[in-house]
>>> print(open('final15.txt').read())   # compact mmCIF, C-alpha atoms and all ligand atoms
# COMPACT_ATOMS: atom_id res chain seq x y z
CA MET A 1 -140.73 108.49 147.21
CA SER A 2 -137.59 106.51 147.95
CA THR A 3 -138.19 104.44 151.05
CA ILE A 4 -140.47 101.49 151.52
CA GLN A 5 -143.17 102.05 154.15
CA SER A 6 -145.23 99.65 156.21
CA GLY A 7 -148.42 98.40 154.60
CA ALA A 8 -150.25 98.98 157.91
CA GLY A 9 -152.76 96.22 157.21
CA LYS A 10 -153.96 97.72 153.91
CA ARG A 11 -155.68 95.14 151.75
CA ILE A 12 -154.12 94.31 148.39
CA VAL A 13 -155.67 91.76 146.01
CA VAL A 14 -153.04 89.95 143.96
CA CYS A 15 -154.34 88.25 140.81
CA GLY A 16 -151.96 85.51 139.74
CA GLY A 17 -150.30 85.53 143.16
CA ALA A 18 -149.67 81.77 143.09
CA GLY A 19 -147.27 82.06 140.16
CA TYR A 20 -143.57 82.84 139.94
CA ILE A 21 -143.36 86.65 140.13
CA GLY A 22 -146.71 86.98 141.91
CA SER A 23 -145.75 84.68 144.79
CA HIS A 24 -142.46 86.52 145.34
CA THR A 25 -144.36 89.81 145.42
CA VAL A 26 -146.78 88.37 147.99
CA LEU A 27 -143.80 87.52 150.24
CA GLU A 28 -142.66 91.15 150.07
CA LEU A 29 -146.17 92.49 150.73
CA LEU A 30 -146.63 90.22 153.76
CA SER A 31 -143.24 91.18 155.16
CA LEU A 32 -144.44 94.79 155.08
CA ASP A 33 -147.69 93.98 156.87
CA TYR A 34 -150.09 94.34 153.94
CA ASP A 35 -153.24 92.25 154.13
CA VAL A 36 -152.93 90.09 151.01
CA VAL A 37 -155.59 88.10 149.18
CA VAL A 38 -154.63 86.03 146.14
CA VAL A 39 -156.97 85.41 143.21
CA ASP A 40 -155.62 82.52 141.14
CA ASP A 41 -157.24 79.68 139.18
CA LEU A 42 -154.10 77.55 139.74
CA SER A 43 -153.91 76.80 136.01
CA TYR A 44 -150.20 77.65 136.17
CA GLY A 45 -149.75 78.79 139.76
CA TYR A 46 -149.30 76.46 142.72
CA ARG A 47 -151.41 75.96 145.82
CA HIS A 48 -148.21 75.55 147.85
CA ASN A 49 -147.29 79.17 147.00
CA VAL A 50 -150.26 80.60 148.95
CA GLU A 51 -151.43 80.30 152.55
CA PRO A 52 -154.84 78.55 152.32
CA GLY A 53 -156.82 81.36 153.99
CA ARG A 54 -155.53 83.89 151.50
CA LEU A 55 -156.43 82.02 148.31
CA ARG A 56 -159.59 82.65 146.27
CA GLU A 57 -159.48 79.98 143.60
CA LEU A 58 -161.06 81.58 140.54
CA ASN A 59 -160.32 82.96 137.11
CA VAL A 60 -160.22 86.72 136.51
CA LEU A 61 -162.64 86.19 133.63
CA ASP A 62 -165.32 85.58 136.28
CA THR A 63 -166.15 89.25 136.78
CA ASP A 64 -168.86 88.72 139.41
CA ALA A 65 -166.68 86.46 141.54
CA VAL A 66 -163.76 88.90 141.38
CA GLU A 67 -166.09 91.74 142.34
CA ARG A 68 -167.20 89.74 145.39
CA VAL A 69 -163.57 89.27 146.47
CA LEU A 70 -162.89 92.98 146.07
CA ARG A 71 -165.96 93.77 148.19
CA GLU A 72 -165.15 91.30 151.03
CA LYS A 73 -163.28 94.12 152.78
CA PRO A 74 -162.12 97.58 151.71
CA THR A 75 -159.44 96.97 149.08
CA GLU A 76 -156.77 99.58 148.43
CA ALA A 77 -155.22 98.23 145.23
CA VAL A 78 -154.93 95.29 142.86
CA ILE A 79 -151.74 93.81 141.43
CA HIS A 80 -152.48 91.89 138.25
CA PHE A 81 -150.07 89.10 137.25
CA ALA A 82 -152.57 86.57 135.94
CA ALA A 83 -151.64 85.89 132.32
CA PHE A 84 -150.34 83.30 129.88
CA ILE A 85 -146.65 83.97 129.21
CA SER A 86 -145.40 81.70 126.47
CA VAL A 87 -144.43 83.70 123.40
CA GLY A 88 -144.23 80.60 121.17
CA GLU A 89 -147.65 79.30 122.24
CA SER A 90 -149.19 82.74 121.67
CA MET A 91 -148.26 82.46 117.99
CA HIS A 92 -150.18 79.18 117.68
CA LYS A 93 -153.18 80.05 119.85
CA PRO A 94 -153.76 83.80 119.47
CA GLU A 95 -157.42 83.60 120.50
CA MET A 96 -156.43 81.90 123.76
CA TYR A 97 -153.91 84.65 124.57
CA PHE A 98 -156.19 87.55 123.69
CA HIS A 99 -159.03 85.92 125.62
CA ASN A 100 -157.06 85.17 128.77
CA ASN A 101 -154.69 88.15 128.84
CA THR A 102 -156.72 90.94 127.28
CA CYS A 103 -160.32 89.92 128.05
CA GLY A 104 -159.24 88.63 131.48
CA SER A 105 -157.77 92.05 132.28
CA LEU A 106 -160.88 93.81 131.03
CA SER A 107 -163.03 91.60 133.23
CA LEU A 108 -160.85 92.46 136.22
CA PHE A 109 -161.05 96.20 135.47
CA THR A 110 -164.84 95.92 135.20
CA ALA A 111 -164.97 94.25 138.62
CA MET A 112 -162.67 96.92 140.03
CA MET A 113 -164.86 99.74 138.71
CA ARG A 114 -167.99 98.10 140.14
CA ALA A 115 -166.31 97.68 143.53
CA GLY A 116 -164.79 101.17 143.45
CA VAL A 117 -161.15 100.00 143.52
CA LYS A 118 -159.10 102.46 141.48
CA ARG A 119 -155.46 101.52 141.84
CA LEU A 120 -153.71 98.86 139.82
CA VAL A 121 -150.20 97.56 139.18
CA PHE A 122 -150.08 95.69 135.90
CA SER A 123 -147.53 93.10 134.73
CA SER A 124 -146.44 94.23 131.33
CA THR A 125 -143.44 93.09 129.33
CA ALA A 126 -140.41 94.09 127.29
CA ALA A 127 -142.22 92.31 124.46
CA VAL A 128 -144.27 95.50 123.92
CA TYR A 129 -141.15 96.94 122.20
CA GLY A 130 -140.68 94.04 119.76
CA MET A 131 -137.27 94.19 118.09
CA PRO A 132 -135.90 97.58 119.12
CA ASP A 133 -132.95 98.80 117.09
CA LYS A 134 -131.40 100.61 120.06
CA VAL A 135 -130.46 99.63 123.60
CA PRO A 136 -130.88 100.47 126.38
CA ILE A 137 -134.62 100.62 125.82
CA VAL A 138 -136.40 103.67 127.19
CA GLU A 139 -140.11 103.86 127.88
CA THR A 140 -140.74 106.44 125.16
CA MET A 141 -139.85 103.94 122.43
CA PRO A 142 -142.92 102.99 120.39
CA TYR A 143 -145.11 99.93 120.76
CA ALA A 144 -143.93 97.43 118.15
CA PRO A 145 -144.81 93.91 119.38
CA VAL A 146 -143.83 91.05 117.10
CA ASN A 147 -145.89 88.37 118.83
CA VAL A 148 -149.41 87.87 120.14
CA TYR A 149 -148.21 87.76 123.75
CA GLY A 150 -146.69 91.25 123.42
CA GLU A 151 -149.75 92.54 121.55
CA SER A 152 -152.09 91.20 124.26
CA LYS A 153 -150.17 93.31 126.81
CA VAL A 154 -150.05 96.40 124.56
CA MET A 155 -153.84 96.20 124.29
CA VAL A 156 -154.17 96.18 128.06
CA GLU A 157 -151.78 99.11 128.45
CA LYS A 158 -153.93 101.06 125.96
CA ILE A 159 -157.16 100.09 127.72
CA LEU A 160 -155.63 101.36 130.96
CA GLY A 161 -154.97 104.74 129.33
CA TRP A 162 -158.70 105.12 128.65
CA MET A 163 -159.69 103.73 132.07
CA ASP A 164 -157.53 106.42 133.67
CA LEU A 165 -159.02 109.18 131.54
CA ILE A 166 -162.65 108.14 131.89
CA HIS A 167 -162.86 106.38 135.27
CA GLY A 168 -159.81 107.72 137.14
CA LEU A 169 -158.34 104.21 137.44
CA ARG A 170 -154.69 104.93 138.30
CA SER A 171 -152.26 102.30 137.13
CA VAL A 172 -148.57 101.51 136.97
CA CYS A 173 -147.47 99.23 134.14
CA LEU A 174 -144.20 97.45 134.86
CA ARG A 175 -142.57 96.18 131.68
CA TYR A 176 -140.57 93.18 132.83
CA PHE A 177 -137.33 92.15 131.24
CA ASN A 178 -135.99 88.67 132.13
CA ALA A 179 -137.23 87.80 135.60
CA SER A 180 -134.91 85.21 137.13
CA GLY A 181 -133.54 83.70 140.33
CA ALA A 182 -135.47 82.74 143.45
CA ASP A 183 -136.28 84.02 146.90
CA PRO A 184 -132.88 84.23 148.71
CA GLU A 185 -134.37 82.26 151.62
CA GLY A 186 -135.50 79.51 149.25
CA ARG A 187 -139.20 79.81 150.08
CA ARG A 188 -140.27 80.36 146.46
CA GLY A 189 -138.72 79.87 143.04
CA GLU A 190 -139.33 79.33 139.37
CA GLU A 191 -141.54 76.30 138.64
CA HIS A 192 -142.96 76.76 135.16
CA LYS A 193 -144.48 73.76 133.44
CA PRO A 194 -143.30 73.39 130.77
CA GLU A 195 -140.14 75.34 131.49
CA THR A 196 -138.93 77.53 128.62
CA HIS A 197 -136.64 79.98 130.41
CA LEU A 198 -132.90 79.86 130.05
CA ILE A 199 -131.58 79.73 133.62
CA PRO A 200 -133.84 76.93 134.97
CA LEU A 201 -133.27 74.95 131.77
CA LEU A 202 -129.49 75.21 132.20
CA LEU A 203 -129.78 74.10 135.83
CA GLU A 204 -131.94 71.17 134.77
CA ALA A 205 -129.32 70.24 132.17
CA VAL A 206 -126.63 70.24 134.87
CA GLU A 207 -128.73 67.94 137.03
CA SER A 208 -130.02 65.56 134.38
CA GLY A 209 -127.00 65.49 132.10
CA LYS A 210 -129.38 66.02 129.16
CA PRO A 211 -128.08 68.90 127.04
CA ALA A 212 -129.76 72.30 126.83
CA THR A 213 -129.98 73.90 123.40
CA ILE A 214 -128.43 77.28 122.63
CA PHE A 215 -130.77 79.02 120.21
CA GLY A 216 -128.45 80.65 117.68
CA THR A 217 -124.78 81.62 117.77
CA ASP A 218 -124.75 83.98 114.80
CA TYR A 219 -126.37 87.07 116.31
CA PRO A 220 -124.66 90.46 115.89
CA THR A 221 -123.40 90.40 119.51
CA PRO A 222 -119.80 90.00 120.78
CA ASP A 223 -120.07 86.20 121.25
CA GLY A 224 -122.89 85.57 118.75
CA THR A 225 -125.57 84.68 121.35
CA CYS A 226 -128.54 86.80 122.46
CA ILE A 227 -128.16 89.36 125.21
CA ARG A 228 -130.84 89.81 127.88
CA ASP A 229 -131.35 91.87 131.01
CA TYR A 230 -131.79 89.40 133.91
CA ILE A 231 -133.60 91.01 136.84
CA HIS A 232 -133.77 89.12 140.11
CA VAL A 233 -137.35 88.20 140.98
CA THR A 234 -137.06 89.73 144.48
CA ASP A 235 -135.88 93.03 142.97
CA LEU A 236 -138.82 92.80 140.59
CA ALA A 237 -141.17 92.08 143.50
CA GLN A 238 -139.80 95.18 145.24
CA ALA A 239 -140.59 97.25 142.15
CA HIS A 240 -144.25 96.29 142.69
CA ILE A 241 -144.08 97.53 146.27
CA PHE A 242 -142.73 100.89 145.12
CA ALA A 243 -145.45 101.02 142.45
CA VAL A 244 -148.23 100.24 144.96
CA GLN A 245 -146.93 102.86 147.36
CA HIS A 246 -146.71 105.42 144.55
CA LEU A 247 -150.38 104.82 143.76
CA LEU A 248 -151.49 104.74 147.41
CA SER A 249 -149.87 108.10 147.98
CA GLY A 250 -151.87 109.60 145.12
CA GLY A 251 -149.34 109.12 142.31
CA ALA A 252 -150.35 109.36 138.66
CA SER A 253 -150.57 106.51 136.16
CA ASP A 254 -147.25 105.66 134.55
CA LYS A 255 -145.22 102.98 132.75
CA PHE A 256 -141.78 101.75 133.75
CA ASN A 257 -139.20 99.34 132.46
CA ALA A 258 -138.25 96.79 135.10
CA GLY A 259 -134.73 95.64 134.33
CA THR A 260 -131.24 96.21 135.70
CA GLY A 261 -129.69 97.99 132.72
CA ILE A 262 -127.03 95.27 132.42
CA GLY A 263 -127.06 92.72 129.63
CA PHE A 264 -125.63 89.18 129.62
CA SER A 265 -125.31 86.84 126.64
CA VAL A 266 -126.53 83.24 126.66
CA LYS A 267 -122.87 82.13 126.79
CA GLN A 268 -122.21 84.38 129.77
CA VAL A 269 -125.21 82.84 131.54
CA ILE A 270 -123.82 79.36 130.85
CA ASP A 271 -120.41 80.43 132.27
CA SER A 272 -122.18 81.73 135.36
CA VAL A 273 -124.13 78.48 135.84
CA GLU A 274 -120.86 76.55 135.58
CA ARG A 275 -119.17 78.78 138.18
CA VAL A 276 -122.10 78.54 140.59
CA THR A 277 -122.77 74.80 140.28
CA GLY A 278 -119.12 73.82 139.80
CA LYS A 279 -120.30 71.59 136.95
CA LYS A 280 -120.12 71.69 133.17
CA VAL A 281 -123.42 72.51 131.45
CA PRO A 282 -124.06 70.00 128.65
CA VAL A 283 -125.20 72.01 125.60
CA THR A 284 -126.04 71.55 121.96
CA TYR A 285 -126.19 74.27 119.37
CA GLY A 286 -129.46 74.87 117.55
CA PRO A 287 -130.84 77.42 115.13
CA ARG A 288 -132.21 80.77 116.19
CA ARG A 289 -135.59 80.67 117.95
CA GLU A 290 -138.24 82.51 115.99
CA GLY A 291 -138.91 86.04 117.23
CA ASP A 292 -135.81 86.40 119.47
CA PRO A 293 -134.36 89.93 119.30
CA PRO A 294 -130.52 89.95 119.49
CA GLU A 295 -130.37 92.29 122.46
CA LEU A 296 -132.92 93.46 125.04
CA VAL A 297 -131.57 95.66 127.81
CA ALA A 298 -133.67 98.10 129.80
CA SER A 299 -132.92 101.57 130.84
CA SER A 300 -134.29 101.44 134.38
CA GLU A 301 -133.46 105.07 135.04
CA LYS A 302 -137.10 106.11 135.13
CA LEU A 303 -138.02 103.44 137.70
CA GLN A 304 -135.01 104.36 139.82
CA LYS A 305 -135.47 108.13 139.63
CA THR A 306 -139.27 108.32 139.85
CA LEU A 307 -140.05 105.57 142.34
CA GLY A 308 -136.70 105.26 144.14
CA TRP A 309 -136.26 101.56 143.27
CA LYS A 310 -132.77 100.09 143.03
CA PRO A 311 -131.78 96.54 142.13
CA GLN A 312 -129.97 94.66 144.91
CA PHE A 313 -128.83 91.82 142.64
CA THR A 314 -126.48 93.17 139.99
CA LYS A 315 -124.13 90.17 139.74
CA LEU A 316 -125.35 87.37 137.53
CA ASP A 317 -123.69 84.72 139.73
CA ASP A 318 -125.70 85.92 142.71
CA ILE A 319 -128.93 85.61 140.73
CA VAL A 320 -128.03 82.15 139.45
CA ARG A 321 -127.01 81.04 142.96
CA THR A 322 -130.49 81.73 144.33
CA ALA A 323 -132.03 79.76 141.45
CA TRP A 324 -129.61 76.88 142.07
CA ASN A 325 -130.37 76.83 145.82
CA PHE A 326 -134.08 76.61 145.09
CA GLU A 327 -133.61 73.92 142.45
CA GLN A 328 -131.58 71.75 144.86
CA LYS A 329 -134.09 72.24 147.67
CA ARG A 330 -136.92 71.26 145.31
CA GLU A 331 -135.07 68.14 144.19
CA LYS A 332 -134.62 67.10 147.83
CA GLN A 333 -138.34 67.57 148.50
CA LEU A 334 -139.18 65.33 145.54
CA GLU A 335 -136.81 62.55 146.72
N1 LIG A 401 -132.48 80.42 125.18
C1 LIG A 401 -131.70 79.41 124.68
N2 LIG A 401 -132.07 78.13 124.95
C2 LIG A 401 -133.18 77.82 125.68
C3 LIG A 401 -133.98 78.85 126.17
C4 LIG A 401 -133.61 80.16 125.92
O1 LIG A 401 -130.68 79.65 124.03
O2 LIG A 401 -133.47 76.62 125.86
C5 LIG A 401 -132.11 81.81 124.92
C6 LIG A 401 -133.19 82.56 124.17
O3 LIG A 401 -133.01 82.40 122.79
C7 LIG A 401 -132.93 83.99 124.64
C8 LIG A 401 -132.42 83.81 126.07
O4 LIG A 401 -131.97 82.46 126.16
O5 LIG A 401 -131.93 84.57 123.88
C9 LIG A 401 -133.48 84.05 127.12
O6 LIG A 401 -134.61 83.28 126.78
P1 LIG A 401 -135.85 83.07 127.77
O7 LIG A 401 -136.80 82.14 127.08
O8 LIG A 401 -135.35 82.70 129.11
O9 LIG A 401 -136.48 84.53 127.89
P2 LIG A 401 -136.96 85.51 126.72
O10 LIG A 401 -135.94 86.60 126.63
O11 LIG A 401 -137.29 84.83 125.48
O12 LIG A 401 -138.37 85.99 127.29
C10 LIG A 401 -138.55 86.86 128.36
C11 LIG A 401 -139.86 86.52 129.05
C12 LIG A 401 -141.02 86.74 128.11
C13 LIG A 401 -140.96 88.16 127.58
C14 LIG A 401 -139.63 88.46 126.99
C15 LIG A 401 -139.56 89.88 126.65
O13 LIG A 401 -139.85 85.20 129.48
O14 LIG A 401 -142.21 86.54 128.79
O15 LIG A 401 -138.58 88.17 127.91
O16 LIG A 401 -138.50 90.11 125.83
F1 LIG A 401 -141.89 88.34 126.61
>>> encode(input="final15.txt", output="structure tokens")
Amino acid sequence: MSTIQSGAGKRIVVCGGAGYIGSHTVLELLSLDYDVVVVDDLSYGYRHNVEPGRLRELNVLDTDAVERVLREKPTEAVIHFAAFISVGESMHKPEMYFHNNTCGSLSLFTAMMRAGVKRLVFSSTAAVYGMPDKVPIVETMPYAPVNVYGESKVMVEKILGWMDLIHGLRSVCLRYFNASGADPEGRRGEEHKPETHLIPLLLEAVESGKPATIFGTDYPTPDGTCIRDYIHVTDLAQAHIFAVQHLLSGGASDKFNAGTGIGFSVKQVIDSVERVTGKKVPVTYGPRREGDPPELVASSEKLQKTLGWKPQFTKLDDIVRTAWNFEQKREKQLE
């Protein structure tokens, strides 16, 4: 399949749809005329990201409540974003991450089986590969997570393998690389609290004048800083649409990297922020951050060839510009 079709009013339940990637995906689903319901406990997501009538405020660990939502009306598929995402925190509170991410997913799958909903798109992560010694990363590379966050997602991917085999639950796992940027129309953007991601932190540094820290300048990369694959959040949202449509048309379970195939170093990201904002980014140099692989770049060939997805944002400046527009709009709203 290579073209996006109308959702024709089909009902999709989006768990974690009030968060960053989830809310951008909801925008895409609505623009295609899907009937969207969001399940979110608002622990990290925002009420302002969801139309009130579409929100069911609950945690996916509440299996009975999720089952009731799935049974409200015939539901075609679930997209599951709801998870804790901080790698550092996962290494201090492993039980919290396994409980929320792994048990939460299992609870959702139980509700889905009870309600007879058998199609799922799952938010996975590049962290399932750990510290790969080769780039670009292809999907056949082994699981080798180096943190609890990555392990919690590997566990869910493995559970989904058995759910497919035993219950016929068809799933697409999208392994995200570095989601970044904001809706080009400025309706949604990145609002993590606390913020740990590079691009919003650099933009904050520009605005506040308080320096951002570069974590390590002695990596085996051309300029000594880490290289990442920054995928625009709207492109990532579109990947979910292709995945849903693959499943709705009877497609088999599969796993895909969601990245652009292009890597940028931390220094290149700083240069881009300076070009876009026209201001110098104040920075300080710190040691390496624990668990950071030198280079993570996806091969997105499988996603492009199998599902027909293609990234629209391939220039870093264009990605950063959307993030900057959102950041400025948000500042104005706070004034
Ligand atoms: N970085 C800095 N200073 C900062 C923040 C980040 O130098 O203040 C660097 C990091 O060391 C890294 C790069 O900028 O080299 C990107 O860091 P992010 O924290 O923005 O993103 P990560 O690559 O660490 O993490 C992302 C997702 C995770 C996912 C991981 C998979 O946010 O959820 O990719 O590799 F697990």
>>> closest_atom_pairs(input="final15.txt", of="chain A", to="ligand LIG 401 (chain A)", cutoff="7 Å", atoms="all atoms listed in the file", output="tab-separated table")
residue	atom	partner	partner_atom	distance
A:Ile85	CA	A:LIG401	O14	5.1
A:Ser86	CA	A:LIG401	O14	6.2
A:Val87	CA	A:LIG401	F1	6.2
A:Thr125	CA	A:LIG401	F1	5.7
A:Ala126	CA	A:LIG401	C15	4.3
A:Ala127	CA	A:LIG401	C15	4.2
A:Tyr149	CA	A:LIG401	F1	7.0
A:Gly150	CA	A:LIG401	F1	6.5
A:Phe177	CA	A:LIG401	O15	5.3
A:Asn178	CA	A:LIG401	C10	4.9
A:Thr196	CA	A:LIG401	O7	5.3
A:His197	CA	A:LIG401	O8	3.3
A:Leu198	CA	A:LIG401	O8	3.9
A:Ile199	CA	A:LIG401	O8	6.6
A:Leu201	CA	A:LIG401	O2	6.1
A:Ala212	CA	A:LIG401	O2	5.8
A:Thr213	CA	A:LIG401	N2	5.0
A:Ile214	CA	A:LIG401	O1	3.6
A:Phe215	CA	A:LIG401	O1	3.9
A:Gly216	CA	A:LIG401	O1	6.8
A:Thr225	CA	A:LIG401	O5	6.8
A:Cys226	CA	A:LIG401	O5	4.3
A:Ile227	CA	A:LIG401	O5	6.2
A:Arg228	CA	A:LIG401	O10	6.2
A:Val266	CA	A:LIG401	O4	5.5
A:Arg288	CA	A:LIG401	O3	6.8
A:Arg289	CA	A:LIG401	O3	5.8
A:Asp292	CA	A:LIG401	O3	5.9
A:Leu296	CA	A:LIG401	O16	6.6
>>> atom_distance(input="final15.txt", atom1="atom CA of Asp254 of chain A", atom2="atom CA of Val117 of chain A")
17.5 Å
>>> residues_around(input="final15.txt", residues="Asn257 of chain A", least_positions_apart="5", cutoff="6 Å", atoms="only C-alpha atoms", output="list in words")
Leu174, Arg175 and Ser300 of chain A
>>> atom_distance(input="final15.txt", atom1="atom CA of Phe313 of chain A", atom2="atom CA of Ser180 of chain A")
10.5 Å
>>> residues_around(input="final15.txt", residues="Ser107 of chain A", least_positions_apart="6", cutoff="9 Å", atoms="only C-alpha atoms", output="list in words")
Val60, Leu61, Asp62, Thr63, Asp64 and Val66 of chain A
>>> closest_residue(input="final15.txt", among="A:Thr260, A:Asn325, A:Thr234, A:Ser124", to="Asp183 of chain A", atoms="all atoms listed in the file")
A:Thr234
>>> residues_around(input="final15.txt", residues="Leu160 of chain A", least_positions_apart="4", cutoff="10 Å", atoms="all atoms listed in the file", output="PyMOL selection string")
chain A and resi 105-106+109+120+122+154-156+164-173+253
>>> residues_around(input="final15.txt", residues="Gln328 of chain A", least_positions_apart="2", cutoff="12 Å", atoms="all atoms listed in the file", output="list of chain:residue names")
A:Ala182, A:Gly186, A:Gly189, A:Pro200, A:Leu203, A:Glu204, A:Val206, A:Glu207, A:Thr277, A:Arg321, A:Thr322, A:Ala323, A:Trp324, A:Asn325, A:Phe326, A:Arg330, A:Glu331, A:Lys332, A:Gln333, A:Leu334, A:Glu335
>>> closest_residue(input="final15.txt", among="A:Asp318, A:Asp218, A:Glu327, A:Glu301", to="Tyr285 of chain A", atoms="all atoms listed in the file")
A:Asp218
>>> atom_distance(input="final15.txt", atom1="atom CA of Leu30 of chain A", atom2="atom CA of Pro74 of chain A")
17.3 Å
>>> closest_atom_pairs(input="final15.txt", of="segment 81-171 of chain A", to="segment 56-59 of chain A", cutoff="10 Å", atoms="all atoms listed in the file", output="CSV")
residue,atom,partner,partner_atom,distance
A:Ala82,CA,A:Asn59,CA,8.6
A:Asn100,CA,A:Asn59,CA,9.2
A:Gly104,CA,A:Asn59,CA,8.1
A:Ser107,CA,A:Asn59,CA,9.9
A:Leu108,CA,A:Asn59,CA,9.6
>>> residues_around(input="final15.txt", residues="Asp133 of chain A", least_positions_apart="5", cutoff="12 Å", atoms="all atoms listed in the file", output="ChimeraX atom specification")
/A:138,141-142,144,220,293-297
>>> closest_residue(input="final15.txt", among="A:Val13, A:Pro222, A:Ala8, A:Lys118", to="Glu72 of chain A", atoms="only C-alpha atoms")
A:Val13
>>> residues_near_point(input="final15.txt", point="(-129.0, 67.8, 126.2)", cutoff="8 Å", atoms="only C-alpha atoms", output="list in words")
Ala205, Gly209, Lys210, Pro211, Ala212, Thr213, Pro282, Val283 and Thr284 of chain A
>>> closest_residue(input="final15.txt", among="A:Gly53, A:Pro136, A:Pro287, A:Pro194", to="Glu89 of chain A", atoms="only C-alpha atoms")
A:Pro194
>>> closest_residue(input="final15.txt", among="A:Met113, A:Leu247, A:Cys103, A:Ile241", to="Gly22 of chain A", atoms="all atoms listed in the file")
A:Ile241
>>> build_atoms(input="final15.txt", residues="segment 294-299 of chain A", atoms="all heavy atoms", output="mmCIF file, keeping the file's coordinate frame")
data_model
loop_
_atom_site.group_PDB
_atom_site.id
_atom_site.type_symbol
_atom_site.label_atom_id
_atom_site.label_comp_id
_atom_site.auth_asym_id
_atom_site.auth_seq_id
_atom_site.Cartn_x
_atom_site.Cartn_y
_atom_site.Cartn_z
ATOM 1 N N PRO A 294 -131.908 90.193 119.064
ATOM 2 C CA PRO A 294 -130.520 89.950 119.490
ATOM 3 C C PRO A 294 -130.214 90.491 120.881
ATOM 4 O O PRO A 294 -129.535 89.852 121.665
ATOM 5 C CB PRO A 294 -129.676 90.704 118.447
ATOM 6 C CG PRO A 294 -130.580 91.041 117.318
ATOM 7 C CD PRO A 294 -131.986 90.962 117.805
ATOM 8 N N GLU A 295 -130.745 91.679 121.187
ATOM 9 C CA GLU A 295 -130.370 92.290 122.460
ATOM 10 C C GLU A 295 -131.536 93.050 123.068
ATOM 11 O O GLU A 295 -132.130 93.904 122.420
ATOM 12 C CB GLU A 295 -129.190 93.257 122.220
ATOM 13 C CG GLU A 295 -128.644 93.833 123.487
ATOM 14 C CD GLU A 295 -127.301 94.555 123.306
ATOM 15 O OE1 GLU A 295 -126.842 94.678 122.154
ATOM 16 O OE2 GLU A 295 -126.732 94.973 124.317
ATOM 17 N N LEU A 296 -131.866 92.731 124.314
ATOM 18 C CA LEU A 296 -132.920 93.460 125.040
ATOM 19 C C LEU A 296 -132.363 93.870 126.399
ATOM 20 O O LEU A 296 -132.149 93.028 127.269
ATOM 21 C CB LEU A 296 -134.139 92.565 125.262
ATOM 22 C CG LEU A 296 -135.068 92.280 124.081
ATOM 23 C CD1 LEU A 296 -136.149 91.290 124.494
ATOM 24 C CD2 LEU A 296 -135.694 93.564 123.545
ATOM 25 N N VAL A 297 -132.066 95.146 126.531
ATOM 26 C CA VAL A 297 -131.570 95.660 127.810
ATOM 27 C C VAL A 297 -132.374 96.911 128.138
ATOM 28 O O VAL A 297 -132.569 97.775 127.274
ATOM 29 C CB VAL A 297 -130.060 95.979 127.746
ATOM 30 C CG1 VAL A 297 -129.588 96.577 129.065
ATOM 31 C CG2 VAL A 297 -129.257 94.725 127.424
ATOM 32 N N ALA A 298 -132.817 96.979 129.386
ATOM 33 C CA ALA A 298 -133.670 98.100 129.800
ATOM 34 C C ALA A 298 -132.838 99.279 130.263
ATOM 35 O O ALA A 298 -131.794 99.097 130.886
ATOM 36 C CB ALA A 298 -134.539 97.651 130.980
ATOM 37 N N SER A 299 -133.343 100.455 130.013
ATOM 38 C CA SER A 299 -132.920 101.570 130.840
ATOM 39 C C SER A 299 -133.900 101.569 132.007
ATOM 40 O O SER A 299 -135.116 101.640 131.799
ATOM 41 C CB SER A 299 -133.034 102.899 130.092
ATOM 42 O OG SER A 299 -132.999 103.928 131.065
#
